[in-house]
>>> print(open('work-v1.cif').read())   # mmCIF, C-alpha atoms
data_model
loop_
_atom_site.label_atom_id
_atom_site.label_comp_id
_atom_site.auth_asym_id
_atom_site.auth_seq_id
_atom_site.Cartn_x
_atom_site.Cartn_y
_atom_site.Cartn_z
CA MET A 1 -27.77 -8.11 6.89
CA THR A 2 -25.19 -5.41 6.46
CA ALA A 3 -23.99 -4.79 2.93
CA LEU A 4 -20.80 -6.45 1.73
CA PRO A 5 -17.77 -4.17 1.58
CA PRO A 6 -16.38 -3.16 -1.85
CA PHE A 7 -14.39 -6.11 -3.22
CA GLN A 8 -11.32 -3.88 -3.49
CA THR A 9 -11.25 -3.74 0.32
CA VAL A 10 -11.31 -7.54 0.51
CA LEU A 11 -8.45 -7.69 -1.98
CA ASP A 12 -6.42 -5.03 -0.10
CA ASP A 13 -6.93 -6.75 3.24
CA HIS A 14 -6.19 -10.35 2.23
CA ALA A 15 -4.00 -10.38 -0.90
CA GLY A 16 -0.83 -10.74 1.16
CA ALA A 17 -2.11 -13.68 3.23
CA VAL A 18 -3.45 -15.52 0.19
CA MET A 19 -0.16 -15.03 -1.65
CA ALA A 20 1.85 -16.26 1.36
CA ILE A 21 -0.22 -19.43 1.66
CA LEU A 22 0.00 -20.10 -2.07
CA HIS A 23 3.76 -19.60 -2.08
CA GLY A 24 3.89 -22.30 0.53
CA ALA A 25 1.47 -24.60 -1.25
CA VAL A 26 2.57 -24.38 -4.88
CA GLY A 27 5.82 -22.41 -4.93
CA ARG A 28 6.69 -19.15 -6.60
CA ASP A 29 5.98 -20.27 -10.16
CA GLY A 30 2.45 -21.46 -9.59
CA ALA A 31 1.48 -18.86 -7.01
CA GLU A 32 0.57 -16.02 -9.39
CA ASP A 33 -1.86 -18.11 -11.42
CA CYS A 34 -3.40 -19.73 -8.34
CA PHE A 35 -3.72 -16.28 -6.78
CA GLN A 36 -5.66 -14.99 -9.77
CA GLU A 37 -7.83 -18.12 -9.95
CA THR A 38 -8.58 -17.72 -6.26
CA PHE A 39 -9.68 -14.08 -6.47
CA LEU A 40 -11.58 -14.57 -9.73
CA ALA A 41 -13.56 -17.40 -8.12
CA ALA A 42 -14.14 -15.20 -5.08
CA LEU A 43 -15.21 -12.24 -7.23
CA ARG A 44 -17.68 -14.43 -9.14
CA ALA A 45 -19.26 -15.75 -5.95
CA TYR A 46 -18.96 -12.54 -3.87
CA PRO A 47 -22.37 -10.90 -4.43
CA LYS A 48 -24.10 -14.08 -3.17
CA LEU A 49 -21.92 -14.46 -0.09
CA LYS A 50 -24.23 -14.69 2.92
CA ASP A 51 -21.82 -14.00 5.70
CA ASP A 52 -18.84 -11.67 5.54
CA ARG A 53 -17.57 -12.30 9.07
CA ASN A 54 -14.77 -14.63 7.99
CA LEU A 55 -13.66 -13.41 4.59
CA ARG A 56 -10.12 -14.56 5.24
CA GLY A 57 -11.20 -18.13 5.99
CA TRP A 58 -13.42 -18.10 2.92
CA LEU A 59 -10.57 -16.90 0.68
CA LEU A 60 -8.01 -19.29 2.13
CA THR A 61 -10.40 -22.21 1.57
CA ILE A 62 -10.72 -21.25 -2.09
CA ALA A 63 -6.94 -20.79 -2.31
CA HIS A 64 -6.32 -24.29 -0.97
CA ARG A 65 -8.73 -25.77 -3.48
CA LYS A 66 -6.91 -23.92 -6.28
CA ALA A 67 -3.59 -25.23 -4.94
CA ILE A 68 -4.93 -28.78 -5.09
CA ASP A 69 -6.20 -28.16 -8.64
CA HIS A 70 -2.74 -26.90 -9.51
CA HIS A 71 -1.01 -30.04 -8.21
CA ARG A 72 -3.51 -32.27 -9.95
CA ALA A 73 -3.19 -30.46 -13.25
CA ARG A 74 0.56 -30.99 -13.24
CA GLY A 75 0.33 -34.50 -14.57
CA ARG A 76 -0.75 -36.31 -11.46
CA ALA A 77 -3.47 -38.92 -11.82
CA PRO A 78 -6.90 -37.28 -11.61
CA VAL A 79 -8.22 -39.19 -8.63
CA PRO A 80 -11.49 -37.94 -7.16
CA VAL A 81 -10.83 -36.13 -3.92
CA ALA A 82 -13.39 -34.78 -1.51
CA GLU A 83 -13.76 -31.05 -2.16
CA PRO A 84 -13.49 -28.75 0.83
CA ALA A 85 -16.76 -26.91 1.26
CA GLU A 86 -16.40 -23.67 -0.66
CA LEU A 87 -18.32 -21.34 1.60
CA ALA A 88 -17.54 -22.90 4.93
CA ALA A 89 -15.30 -20.88 7.17
CA PRO A 90 -12.98 -23.53 8.53
CA ALA A 91 -11.60 -23.02 11.99
CA GLY A 92 -8.49 -25.09 11.29
CA ILE A 93 -6.76 -22.73 8.89
CA PRO A 94 -3.73 -21.20 10.52
CA GLU A 95 -3.21 -17.49 10.44
CA PRO A 96 -0.42 -16.89 7.98
CA ASP A 97 2.84 -16.19 9.66
CA ASP A 98 5.60 -14.79 7.50
CA GLY A 99 8.39 -16.84 8.99
CA LEU A 100 6.54 -20.14 8.94
CA TRP A 101 5.07 -19.89 5.47
CA ALA A 102 8.32 -18.58 4.05
CA ALA A 103 10.03 -21.68 5.46
CA VAL A 104 7.29 -23.88 3.99
CA GLY A 105 7.81 -22.15 0.66
CA ALA A 106 11.50 -23.04 0.77
CA LEU A 107 10.84 -26.79 1.09
CA PRO A 108 11.31 -29.09 -1.90
CA PRO A 109 8.09 -29.21 -3.98
CA LYS A 110 6.68 -32.51 -2.76
CA GLN A 111 7.32 -31.83 0.92
CA ARG A 112 5.97 -28.32 0.51
CA ALA A 113 2.75 -29.54 -1.08
CA ALA A 114 2.31 -32.28 1.52
CA VAL A 115 2.71 -29.83 4.41
CA ALA A 116 0.41 -27.23 2.85
CA LEU A 117 -2.31 -29.76 2.05
CA ARG A 118 -2.12 -31.36 5.49
CA TYR A 119 -2.00 -28.23 7.64
CA GLY A 120 -3.45 -25.63 5.29
CA SER A 121 -6.28 -27.61 3.74
CA ASP A 122 -6.55 -30.14 6.57
CA LEU A 123 -6.59 -33.10 4.17
CA PRO A 124 -6.00 -36.64 5.47
CA HIS A 125 -3.00 -38.58 4.17
CA GLY A 126 -5.04 -40.58 1.67
CA GLU A 127 -6.29 -37.43 -0.04
CA ILE A 128 -2.89 -35.77 -0.02
CA ALA A 129 -1.61 -38.88 -1.79
CA ALA A 130 -4.42 -38.63 -4.31
CA ALA A 131 -3.78 -34.94 -4.93
CA LEU A 132 -0.06 -35.52 -5.38
CA GLY A 133 -0.48 -38.73 -7.36
CA CYS A 134 1.67 -40.85 -5.08
CA SER A 135 1.10 -43.66 -2.60
CA PRO A 136 -0.14 -42.86 0.91
CA GLU A 137 3.21 -44.08 2.26
CA ALA A 138 5.06 -41.67 0.00
CA ALA A 139 2.76 -38.81 1.04
CA ARG A 140 3.33 -39.65 4.70
CA ARG A 141 7.07 -39.71 4.11
CA SER A 142 7.05 -36.32 2.30
CA LEU A 143 5.06 -34.83 5.12
CA HIS A 144 7.37 -36.31 7.72
CA GLU A 145 10.52 -35.09 5.94
CA GLY A 146 8.96 -31.65 5.43
CA LEU A 147 8.05 -31.30 9.09
CA LYS A 148 11.47 -32.47 10.20
CA ARG A 149 13.12 -29.84 8.07
CA LEU A 150 10.72 -27.12 9.28
CA ARG A 151 11.45 -27.96 12.92
CA LYS A 152 15.14 -27.61 12.22
CA GLU A 153 14.73 -24.35 10.29
CA LEU A 154 12.49 -22.72 12.86
CA ALA A 155 14.19 -24.06 15.99
CA MET B 1 2.84 -5.25 -0.63
CA SER B 2 5.45 -7.34 -2.46
CA THR B 3 6.04 -6.77 -6.15
CA ALA B 4 4.99 -10.37 -6.89
CA THR B 5 1.62 -9.69 -5.27
CA GLY B 6 1.32 -6.37 -7.11
CA LYS B 7 1.96 -8.07 -10.43
CA ALA B 8 -0.52 -10.84 -9.63
CA ILE B 9 -3.15 -8.21 -8.75
CA GLU B 10 -2.57 -6.39 -12.03
CA GLY B 11 -3.16 -9.61 -13.94
CA LEU B 12 -6.21 -10.32 -11.83
CA LYS B 13 -7.78 -6.96 -12.78
CA ARG B 14 -7.15 -7.67 -16.44
CA ARG B 15 -8.77 -11.08 -16.21
CA ALA B 16 -11.71 -9.72 -14.22
CA ALA B 17 -12.33 -7.16 -16.98
CA GLU B 18 -12.09 -9.85 -19.67
CA GLU B 19 -14.57 -12.01 -17.79
CA ASP B 20 -16.93 -9.04 -17.41
CA LEU B 21 -16.76 -9.13 -13.61
CA LEU B 22 -16.16 -5.40 -13.06
CA ASP B 23 -19.63 -4.25 -12.03
CA VAL B 24 -18.15 -0.99 -10.74
CA ALA B 25 -14.67 0.10 -11.86
CA TYR B 26 -13.15 3.13 -10.17
CA ALA B 27 -10.08 5.31 -10.30
CA THR B 28 -8.85 8.56 -8.86
CA ALA B 29 -7.91 11.53 -11.00
CA ASP B 30 -6.07 14.73 -10.25
CA SER B 31 -7.85 18.03 -10.67
CA PRO B 32 -7.02 21.66 -9.86
CA PHE B 33 -9.28 21.26 -6.80
CA GLY B 34 -7.76 18.02 -5.48
CA PRO B 35 -8.30 14.33 -6.18
CA LEU B 36 -11.55 13.21 -7.79
CA LEU B 37 -13.02 9.74 -7.50
CA LEU B 38 -14.47 8.38 -10.76
CA ALA B 39 -16.68 5.30 -10.90
CA GLN B 40 -18.36 3.65 -13.84
CA THR B 41 -20.53 0.66 -14.66
CA ARG B 42 -20.95 -1.15 -17.99
CA ARG B 43 -23.48 1.56 -18.90
CA GLY B 44 -21.26 4.52 -18.23
CA LEU B 45 -19.99 7.02 -15.68
CA VAL B 46 -22.11 6.62 -12.56
CA ARG B 47 -20.38 8.66 -9.84
CA VAL B 48 -17.89 11.48 -9.51
CA GLY B 49 -16.63 12.15 -5.98
CA LEU B 50 -15.42 15.70 -5.36
CA PRO B 51 -12.24 16.41 -3.35
CA ASN B 52 -14.14 17.26 -0.17
CA GLN B 53 -16.08 13.98 -0.23
CA ASP B 54 -14.91 10.83 1.56
CA SER B 55 -13.85 8.25 -1.06
CA ASP B 56 -14.17 5.24 1.25
CA GLU B 57 -17.71 6.15 2.22
CA LEU B 58 -18.58 6.71 -1.40
CA LEU B 59 -17.28 3.27 -2.41
CA VAL B 60 -19.17 1.57 0.40
CA ASP B 61 -22.30 3.34 -0.83
CA LEU B 62 -21.71 2.14 -4.41
CA ALA B 63 -21.17 -1.43 -3.16
CA ALA B 64 -24.51 -1.30 -1.34
CA ARG B 65 -26.52 0.40 -4.07
CA ILE B 66 -25.07 -1.10 -7.28
CA SER B 67 -22.95 -4.19 -6.63
CA PRO B 68 -20.22 -5.22 -4.18
CA ARG B 69 -18.03 -6.14 -7.16
CA VAL B 70 -16.23 -2.80 -6.85
CA LEU B 71 -12.62 -2.78 -8.03
CA GLU B 72 -10.01 -0.12 -8.66
CA ALA B 73 -9.24 -0.31 -12.39
CA PRO B 74 -7.65 2.94 -13.61
CA GLY B 75 -7.33 1.76 -17.23
CA GLU B 76 -11.11 1.44 -17.51
CA LEU B 77 -11.51 5.16 -16.82
CA ASP B 78 -8.92 6.57 -19.21
CA ALA B 79 -11.52 8.28 -21.43
CA VAL B 80 -13.18 9.99 -18.47
CA ARG B 81 -9.86 11.21 -17.09
CA ARG B 82 -8.79 12.50 -20.48
CA GLU B 83 -11.98 14.53 -21.00
CA LEU B 84 -11.84 15.98 -17.48
CA ASP B 85 -8.20 17.01 -17.99
CA LEU B 86 -9.12 18.83 -21.19
CA TYR B 87 -12.10 20.46 -19.49
CA PHE B 88 -9.93 21.82 -16.66
CA GLU B 89 -7.49 23.19 -19.25
CA GLY B 90 -10.39 25.04 -20.88
CA LYS B 91 -10.04 22.97 -24.04
CA LEU B 92 -13.28 21.00 -23.86
CA ASP B 93 -16.75 22.51 -23.75
CA SER B 94 -18.90 19.42 -23.97
CA PHE B 95 -18.35 15.95 -22.52
CA ASP B 96 -18.89 12.99 -24.77
CA LEU B 97 -19.19 10.22 -22.20
CA PRO B 98 -21.87 7.57 -21.67
CA LEU B 99 -23.65 8.20 -18.36
CA ASP B 100 -25.39 5.79 -16.01
CA TRP B 101 -28.27 7.58 -14.27
CA GLN B 102 -29.27 4.72 -11.99
CA LEU B 103 -28.38 6.53 -8.74
CA SER B 104 -31.12 9.15 -9.32
CA GLY B 105 -34.77 8.36 -9.92
CA GLY B 106 -37.97 10.16 -10.85
CA PHE B 107 -38.08 13.93 -10.52
CA ARG B 108 -34.42 14.13 -9.49
CA GLN B 109 -33.28 12.33 -12.59
CA ARG B 110 -35.43 14.61 -14.77
CA VAL B 111 -33.84 17.66 -13.13
CA LEU B 112 -30.34 16.24 -13.66
CA ARG B 113 -31.04 15.43 -17.31
CA ALA B 114 -32.27 19.01 -17.78
CA ILE B 115 -29.07 20.28 -16.15
CA ASN B 116 -27.07 18.06 -18.46
CA SER B 117 -28.33 20.04 -21.44
CA ILE B 118 -27.23 23.47 -20.15
CA PRO B 119 -24.50 24.55 -22.58
CA TYR B 120 -20.95 25.38 -21.50
CA GLY B 121 -20.55 28.93 -20.29
CA GLN B 122 -24.26 29.48 -19.61
CA THR B 123 -26.31 29.40 -16.45
CA ARG B 124 -29.91 28.64 -15.56
CA SER B 125 -32.03 29.15 -12.46
CA TYR B 126 -33.31 26.47 -10.09
CA THR B 127 -36.83 27.57 -11.05
CA GLU B 128 -36.17 26.90 -14.70
CA MET B 129 -34.79 23.46 -13.93
CA ALA B 130 -37.92 22.69 -11.89
CA ARG B 131 -40.06 23.74 -14.83
CA ARG B 132 -38.05 21.69 -17.31
CA ALA B 133 -38.42 18.66 -15.04
CA GLY B 134 -42.20 19.10 -15.12
CA ASN B 135 -43.04 20.91 -11.90
CA GLU B 136 -42.30 24.64 -11.77
CA ARG B 137 -43.33 24.92 -8.14
CA ALA B 138 -40.86 22.25 -6.96
CA VAL B 139 -37.96 24.72 -6.84
CA ARG B 140 -36.73 23.45 -3.50
CA ALA B 141 -36.80 19.82 -4.76
CA ALA B 142 -34.90 20.93 -7.86
CA GLY B 143 -32.29 22.52 -5.60
CA SER B 144 -31.97 19.34 -3.61
CA ALA B 145 -31.64 17.30 -6.84
CA CYS B 146 -28.70 19.56 -7.78
CA GLY B 147 -27.23 19.03 -4.33
CA SER B 148 -27.44 15.26 -4.68
CA ASN B 149 -26.03 15.14 -8.21
CA PRO B 150 -24.02 11.89 -8.32
CA ILE B 151 -22.06 12.98 -11.41
CA PRO B 152 -20.96 16.58 -10.71
CA LEU B 153 -18.67 18.41 -13.17
CA VAL B 154 -19.80 16.19 -16.07
CA VAL B 155 -23.47 16.85 -15.30
CA PRO B 156 -22.89 20.58 -14.77
CA CYS B 157 -24.92 21.43 -11.67
CA HIS B 158 -22.44 24.29 -11.12
CA ARG B 159 -24.28 26.10 -13.94
CA VAL B 160 -27.47 26.36 -11.88
CA LEU B 161 -27.87 29.61 -9.90
CA ARG B 162 -30.54 31.30 -7.82
CA THR B 163 -32.99 33.49 -9.66
CA GLY B 164 -31.30 36.90 -9.65
CA GLY B 165 -27.84 35.39 -10.02
CA ALA B 166 -26.78 34.49 -6.45
CA LEU B 167 -24.55 31.41 -6.51
CA GLY B 168 -26.75 29.11 -4.41
CA GLY B 169 -24.89 26.04 -3.10
CA TYR B 170 -22.38 23.48 -4.28
CA GLY B 171 -21.44 20.00 -3.02
CA GLY B 172 -17.76 20.72 -3.60
CA GLY B 173 -17.93 24.05 -1.76
CA LEU B 174 -18.79 27.50 -3.12
CA PRO B 175 -15.18 28.46 -4.04
CA MET B 176 -15.10 25.50 -6.41
CA LYS B 177 -18.39 26.54 -8.03
CA GLU B 178 -17.01 30.07 -8.44
CA SER B 179 -13.79 28.76 -10.03
CA LEU B 180 -15.70 26.55 -12.46
CA LEU B 181 -17.87 29.48 -13.54
CA GLN B 182 -14.75 31.61 -13.97
CA LEU B 183 -13.15 28.85 -16.05
CA GLU B 184 -16.21 28.84 -18.29
CA GLY B 185 -16.13 32.63 -18.56
CA VAL B 186 -19.43 33.20 -16.77
CA LEU B 187 -17.92 35.02 -13.81
CA ASP B 188 -15.15 37.58 -13.79
CA GLU B 189 -11.95 36.55 -12.06
CA SER B 190 -12.82 38.71 -9.05
CA PRO B 191 -16.60 38.63 -8.79
CA ALA B 192 -18.27 41.53 -7.00
CA SER B 193 -20.28 39.81 -4.32
#
>>> encode(input="work-v1.cif", output="structure tokens")
Amino acid sequence: MTALPPFQTVLDDHAGAVMAILHGAVGRDGAEDCFQETFLAALRAYPKLKDDRNLRGWLLTIAHRKAIDHHRARGRAPVPVAEPAELAAPAGIPEPDDGLWAAVGALPPKQRAAVALRYGSDLPHGEIAAALGCSPEAARRSLHEGLKRLRKELA
Amino acid sequence: MSTATGKAIEGLKRRAAEEDLLDVAYATADSPFGPLLLAQTRRGLVRVGLPNQDSDELLVDLAARISPRVLEAPGELDAVRRELDLYFEGKLDSFDLPLDWQLSGGFRQRVLRAINSIPYGQTRSYTEMARRAGNERAVRAAGSACGSNPIPLVVPCHRVLRTGGALGGYGGGLPMKESLLQLEGVLDESPAS
């Protein structure tokens, strides 16, 4: 196994992407704290990381989990939700794109969270509802409204 | 990088230090010879990179040999920077910094510890360093220990010369060794070579 690169390199390479995703998922106010929680968790686990081929996927997975924690901590009912695997490198995470994630970040909070959890974390509607503390119908509606607005913005 | 990200990173470094996650903290410092790279562990200063050495390579090496938790954290190295500044101004003749010797083992570490006790403004020969490290005949090995000194300047390998007074070598280049010896008053400003 080749040695892991200095953590500073990981931070330099991926800080922007993690911040963009978190802006989309939790908004400007929550992003700084989630960002720090994400990189602290990564720094704690880093020396034991077995595979450094998808550091971005690894970081974005942690970031999405922190975003879910953030939404849950803000007074929503603490319903157990399946945790995304921490060290898995999911294929489904989109590469951050400035335009898209900026538009997601501009959505109203509930729509923004629904879109980020669905397409960032790949959660099913039931779990989005649990994370947001609303009914599955309401989660579906937020997602639908969010997507409609994004299509209009980006058209 | 956006200012929001910069601010978040600053806070992250602070929290990482509070949680004792900085296995290797590093910073760069200006010197009359160019930028130096300074790295320390919880035990003390572990590496000084001279201006002619590649910082990226050096950090990759520290990640492999000590821990990959390597982060730039200038505030952690304030004391080191301050003492080096004073030294370059000729106002400090002995460093008072904790050192981490882990990058050198065995005979090499004994040579480097012997070098570390050479007083400011004095010089010793490679032969003497070999003897102090316990093997007078290992002059060549003592020379190579000087050459691989991970903490140059602070561990003053520039004070070690060939028997007879020839300069020998220096990792930062011979002109730098000459300048350091001039600063310490060992060499005249224009040495007859």
>>> axis_aligned_box(input="work-v1.cif", around="stretch 35-53 of chain B", padding_each_side="3 Å", output="JSON")
{"center_x": -15.9, "center_y": 8.1, "center_z": -9.5, "size_x": 21.2, "size_y": 24.4, "size_z": 24.7}
>>> residues_around(input="work-v1.cif", residues="B:Gly165", least_positions_apart="2", cutoff="10 Å", atoms="all atoms listed in the file", output="MDAnalysis selection string")
chainID B and resid 123:125 160:163 167:168
>>> resolve_selection(input="work-v1.cif", expression="the PyMOL selection byres ((chain B and resi 70) around 12)", output="JSON, numbers by chain")
{"A": [4, 5, 6, 7, 8, 9, 10, 11, 43, 44, 46, 47], "B": [13, 16, 17, 21, 22, 23, 24, 25, 26, 27, 38, 39, 40, 41, 56, 58, 59, 60, 61, 62, 63, 64, 65, 66, 67, 68, 69, 71, 72, 73]}
>>> residues_around(input="work-v1.cif", residues="stretch 100-111 of chain A", least_positions_apart="4", cutoff="6 Å", atoms="all atoms listed in the file", output="number ranges by chain")
A: 23-24, 27, 142-143, 146
>>> closest_atom_pairs(input="work-v1.cif", of="chain A", to="chain B", cutoff="12 Å", atoms="only C-alpha atoms", output="JSON lines")
{"residue": "A:Met1", "atom": "CA", "partner": "B:Ala64", "partner_atom": "CA", "distance": 11.2}
{"residue": "A:Thr2", "atom": "CA", "partner": "B:Ala64", "partner_atom": "CA", "distance": 8.8}
{"residue": "A:Ala3", "atom": "CA", "partner": "B:Ala64", "partner_atom": "CA", "distance": 5.5}
{"residue": "A:Leu4", "atom": "CA", "partner": "B:Pro68", "partner_atom": "CA", "distance": 6.1}
{"residue": "A:Pro5", "atom": "CA", "partner": "B:Val60", "partner_atom": "CA", "distance": 6.0}
{"residue": "A:Pro6", "atom": "CA", "partner": "B:Pro68", "partner_atom": "CA", "distance": 4.9}
{"residue": "A:Phe7", "atom": "CA", "partner": "B:Val70", "partner_atom": "CA", "distance": 5.2}
{"residue": "A:Gln8", "atom": "CA", "partner": "B:Leu71", "partner_atom": "CA", "distance": 4.8}
{"residue": "A:Thr9", "atom": "CA", "partner": "B:Leu71", "partner_atom": "CA", "distance": 8.5}
{"residue": "A:Val10", "atom": "CA", "partner": "B:Leu71", "partner_atom": "CA", "distance": 9.9}
{"residue": "A:Leu11", "atom": "CA", "partner": "B:Ile9", "partner_atom": "CA", "distance": 8.6}
{"residue": "A:Asp12", "atom": "CA", "partner": "B:Met1", "partner_atom": "CA", "distance": 9.3}
{"residue": "A:Asp13", "atom": "CA", "partner": "B:Met1", "partner_atom": "CA", "distance": 10.6}
{"residue": "A:His14", "atom": "CA", "partner": "B:Met1", "partner_atom": "CA", "distance": 10.8}
{"residue": "A:Ala15", "atom": "CA", "partner": "B:Thr5", "partner_atom": "CA", "distance": 7.2}
{"residue": "A:Gly16", "atom": "CA", "partner": "B:Met1", "partner_atom": "CA", "distance": 6.8}
{"residue": "A:Ala17", "atom": "CA", "partner": "B:Thr5", "partner_atom": "CA", "distance": 10.1}
{"residue": "A:Val18", "atom": "CA", "partner": "B:Thr5", "partner_atom": "CA", "distance": 9.5}
{"residue": "A:Met19", "atom": "CA", "partner": "B:Thr5", "partner_atom": "CA", "distance": 6.7}
{"residue": "A:Ala20", "atom": "CA", "partner": "B:Thr5", "partner_atom": "CA", "distance": 9.3}
{"residue": "A:Leu22", "atom": "CA", "partner": "B:Thr5", "partner_atom": "CA", "distance": 11.0}
{"residue": "A:His23", "atom": "CA", "partner": "B:Ala4", "partner_atom": "CA", "distance": 10.5}
{"residue": "A:Arg28", "atom": "CA", "partner": "B:Ala4", "partner_atom": "CA", "distance": 8.9}
{"residue": "A:Asp29", "atom": "CA", "partner": "B:Ala4", "partner_atom": "CA", "distance": 10.5}
{"residue": "A:Gly30", "atom": "CA", "partner": "B:Ala8", "partner_atom": "CA", "distance": 11.0}
{"residue": "A:Ala31", "atom": "CA", "partner": "B:Ala8", "partner_atom": "CA", "distance": 8.7}
{"residue": "A:Glu32", "atom": "CA", "partner": "B:Ala8", "partner_atom": "CA", "distance": 5.3}
{"residue": "A:Asp33", "atom": "CA", "partner": "B:Ala8", "partner_atom": "CA", "distance": 7.6}
{"residue": "A:Cys34", "atom": "CA", "partner": "B:Ala8", "partner_atom": "CA", "distance": 9.4}
{"residue": "A:Phe35", "atom": "CA", "partner": "B:Ala8", "partner_atom": "CA", "distance": 6.9}
{"residue": "A:Gln36", "atom": "CA", "partner": "B:Leu12", "partner_atom": "CA", "distance": 5.1}
{"residue": "A:Glu37", "atom": "CA", "partner": "B:Leu12", "partner_atom": "CA", "distance": 8.2}
{"residue": "A:Thr38", "atom": "CA", "partner": "B:Leu12", "partner_atom": "CA", "distance": 9.6}
{"residue": "A:Phe39", "atom": "CA", "partner": "B:Leu12", "partner_atom": "CA", "distance": 7.4}
{"residue": "A:Leu40", "atom": "CA", "partner": "B:Ala16", "partner_atom": "CA", "distance": 6.6}
{"residue": "A:Ala41", "atom": "CA", "partner": "B:Ala16", "partner_atom": "CA", "distance": 10.0}
{"residue": "A:Ala42", "atom": "CA", "partner": "B:Arg69", "partner_atom": "CA", "distance": 10.1}
{"residue": "A:Leu43", "atom": "CA", "partner": "B:Arg69", "partner_atom": "CA", "distance": 6.7}
{"residue": "A:Arg44", "atom": "CA", "partner": "B:Leu21", "partner_atom": "CA", "distance": 7.0}
{"residue": "A:Ala45", "atom": "CA", "partner": "B:Arg69", "partner_atom": "CA", "distance": 9.8}
{"residue": "A:Tyr46", "atom": "CA", "partner": "B:Arg69", "partner_atom": "CA", "distance": 7.3}
{"residue": "A:Pro47", "atom": "CA", "partner": "B:Pro68", "partner_atom": "CA", "distance": 6.1}
{"residue": "A:Lys48", "atom": "CA", "partner": "B:Pro68", "partner_atom": "CA", "distance": 9.7}
{"residue": "A:Leu49", "atom": "CA", "partner": "B:Pro68", "partner_atom": "CA", "distance": 10.2}
{"residue": "A:Asp52", "atom": "CA", "partner": "B:Pro68", "partner_atom": "CA", "distance": 11.7}
>>> atom_distance(input="work-v1.cif", atom1="atom CA of B:Arg81", atom2="atom CA of B:Met129")
28.0 Å
>>> resolve_selection(input="work-v1.cif", expression="the PyMOL selection byres ((chain B and resi 157) around 10)", output="VMD selection string")
chain B and resid 111 to 112 114 to 116 118 123 to 124 126 143 145 to 149 151 to 156 158 to 161 169 to 171 177
>>> atom_distance(input="work-v1.cif", atom1="atom CA of B:Gly121", atom2="atom CA of B:Phe95")
13.4 Å
>>> atom_distance(input="work-v1.cif", atom1="atom CA of A:Glu127", atom2="atom CA of A:Arg141")
14.2 Å
>>> resolve_selection(input="work-v1.cif", expression="the PyMOL selection byres ((chain A and resi 139) around 10)", output="tab-separated table (two decimals) with C-alpha atoms, keeping the file's coordinate frame")
chain	number	residue	atom	x	y	z
A	110	LYS	CA	6.68	-32.51	-2.76
A	111	GLN	CA	7.32	-31.83	0.92
A	113	ALA	CA	2.75	-29.54	-1.08
A	114	ALA	CA	2.31	-32.28	1.52
A	115	VAL	CA	2.71	-29.83	4.41
A	118	ARG	CA	-2.12	-31.36	5.49
A	125	HIS	CA	-3.00	-38.58	4.17
A	126	GLY	CA	-5.04	-40.58	1.67
A	127	GLU	CA	-6.29	-37.43	-0.04
A	128	ILE	CA	-2.89	-35.77	-0.02
A	129	ALA	CA	-1.61	-38.88	-1.79
A	130	ALA	CA	-4.42	-38.63	-4.31
A	131	ALA	CA	-3.78	-34.94	-4.93
A	132	LEU	CA	-0.06	-35.52	-5.38
A	133	GLY	CA	-0.48	-38.73	-7.36
A	134	CYS	CA	1.67	-40.85	-5.08
A	135	SER	CA	1.10	-43.66	-2.60
A	136	PRO	CA	-0.14	-42.86	0.91
A	137	GLU	CA	3.21	-44.08	2.26
A	138	ALA	CA	5.06	-41.67	0.00
A	140	ARG	CA	3.33	-39.65	4.70
A	141	ARG	CA	7.07	-39.71	4.11
A	142	SER	CA	7.05	-36.32	2.30
A	143	LEU	CA	5.06	-34.83	5.12
A	144	HIS	CA	7.37	-36.31	7.72
A	145	GLU	CA	10.52	-35.09	5.94
>>> closest_residue(input="work-v1.cif", among="A:Arg149, A:Asp51, A:Gly57, A:His64", to="A:Leu117", atoms="all atoms listed in the file")
A:His64
>>> build_atoms(input="work-v1.cif", residues="stretch 63-71 of chain A", atoms="N, CA and C atoms", output="JSON list (two decimals), in the frame of the given file")
[["chain", "number", "residue", "atom", "x", "y", "z"],
["A", 63, "ALA", "N", -8.35, -20.72, -1.91],
["A", 63, "ALA", "CA", -6.94, -20.79, -2.31],
["A", 63, "ALA", "C", -6.42, -22.22, -2.19],
["A", 64, "HIS", "N", -6.80, -22.91, -1.13],
["A", 64, "HIS", "CA", -6.32, -24.29, -0.97],
["A", 64, "HIS", "C", -6.89, -25.20, -2.05],
["A", 65, "ARG", "N", -8.13, -24.95, -2.42],
["A", 65, "ARG", "CA", -8.73, -25.77, -3.48],
["A", 65, "ARG", "C", -8.00, -25.52, -4.81],
["A", 66, "LYS", "N", -7.65, -24.24, -5.04],
["A", 66, "LYS", "CA", -6.91, -23.92, -6.28],
["A", 66, "LYS", "C", -5.52, -24.55, -6.25],
["A", 67, "ALA", "N", -4.92, -24.61, -5.06],
["A", 67, "ALA", "CA", -3.59, -25.23, -4.94],
["A", 67, "ALA", "C", -3.69, -26.72, -5.26],
["A", 68, "ILE", "N", -4.75, -27.35, -4.79],
["A", 68, "ILE", "CA", -4.93, -28.78, -5.09],
["A", 68, "ILE", "C", -5.15, -28.97, -6.60],
["A", 69, "ASP", "N", -5.99, -28.10, -7.18],
["A", 69, "ASP", "CA", -6.20, -28.16, -8.64],
["A", 69, "ASP", "C", -4.87, -28.05, -9.37],
["A", 70, "HIS", "N", -4.03, -27.14, -8.88],
["A", 70, "HIS", "CA", -2.74, -26.90, -9.51],
["A", 70, "HIS", "C", -1.89, -28.17, -9.48],
["A", 71, "HIS", "N", -1.82, -28.82, -8.32],
["A", 71, "HIS", "CA", -1.01, -30.04, -8.21],
["A", 71, "HIS", "C", -1.58, -31.14, -9.09]]
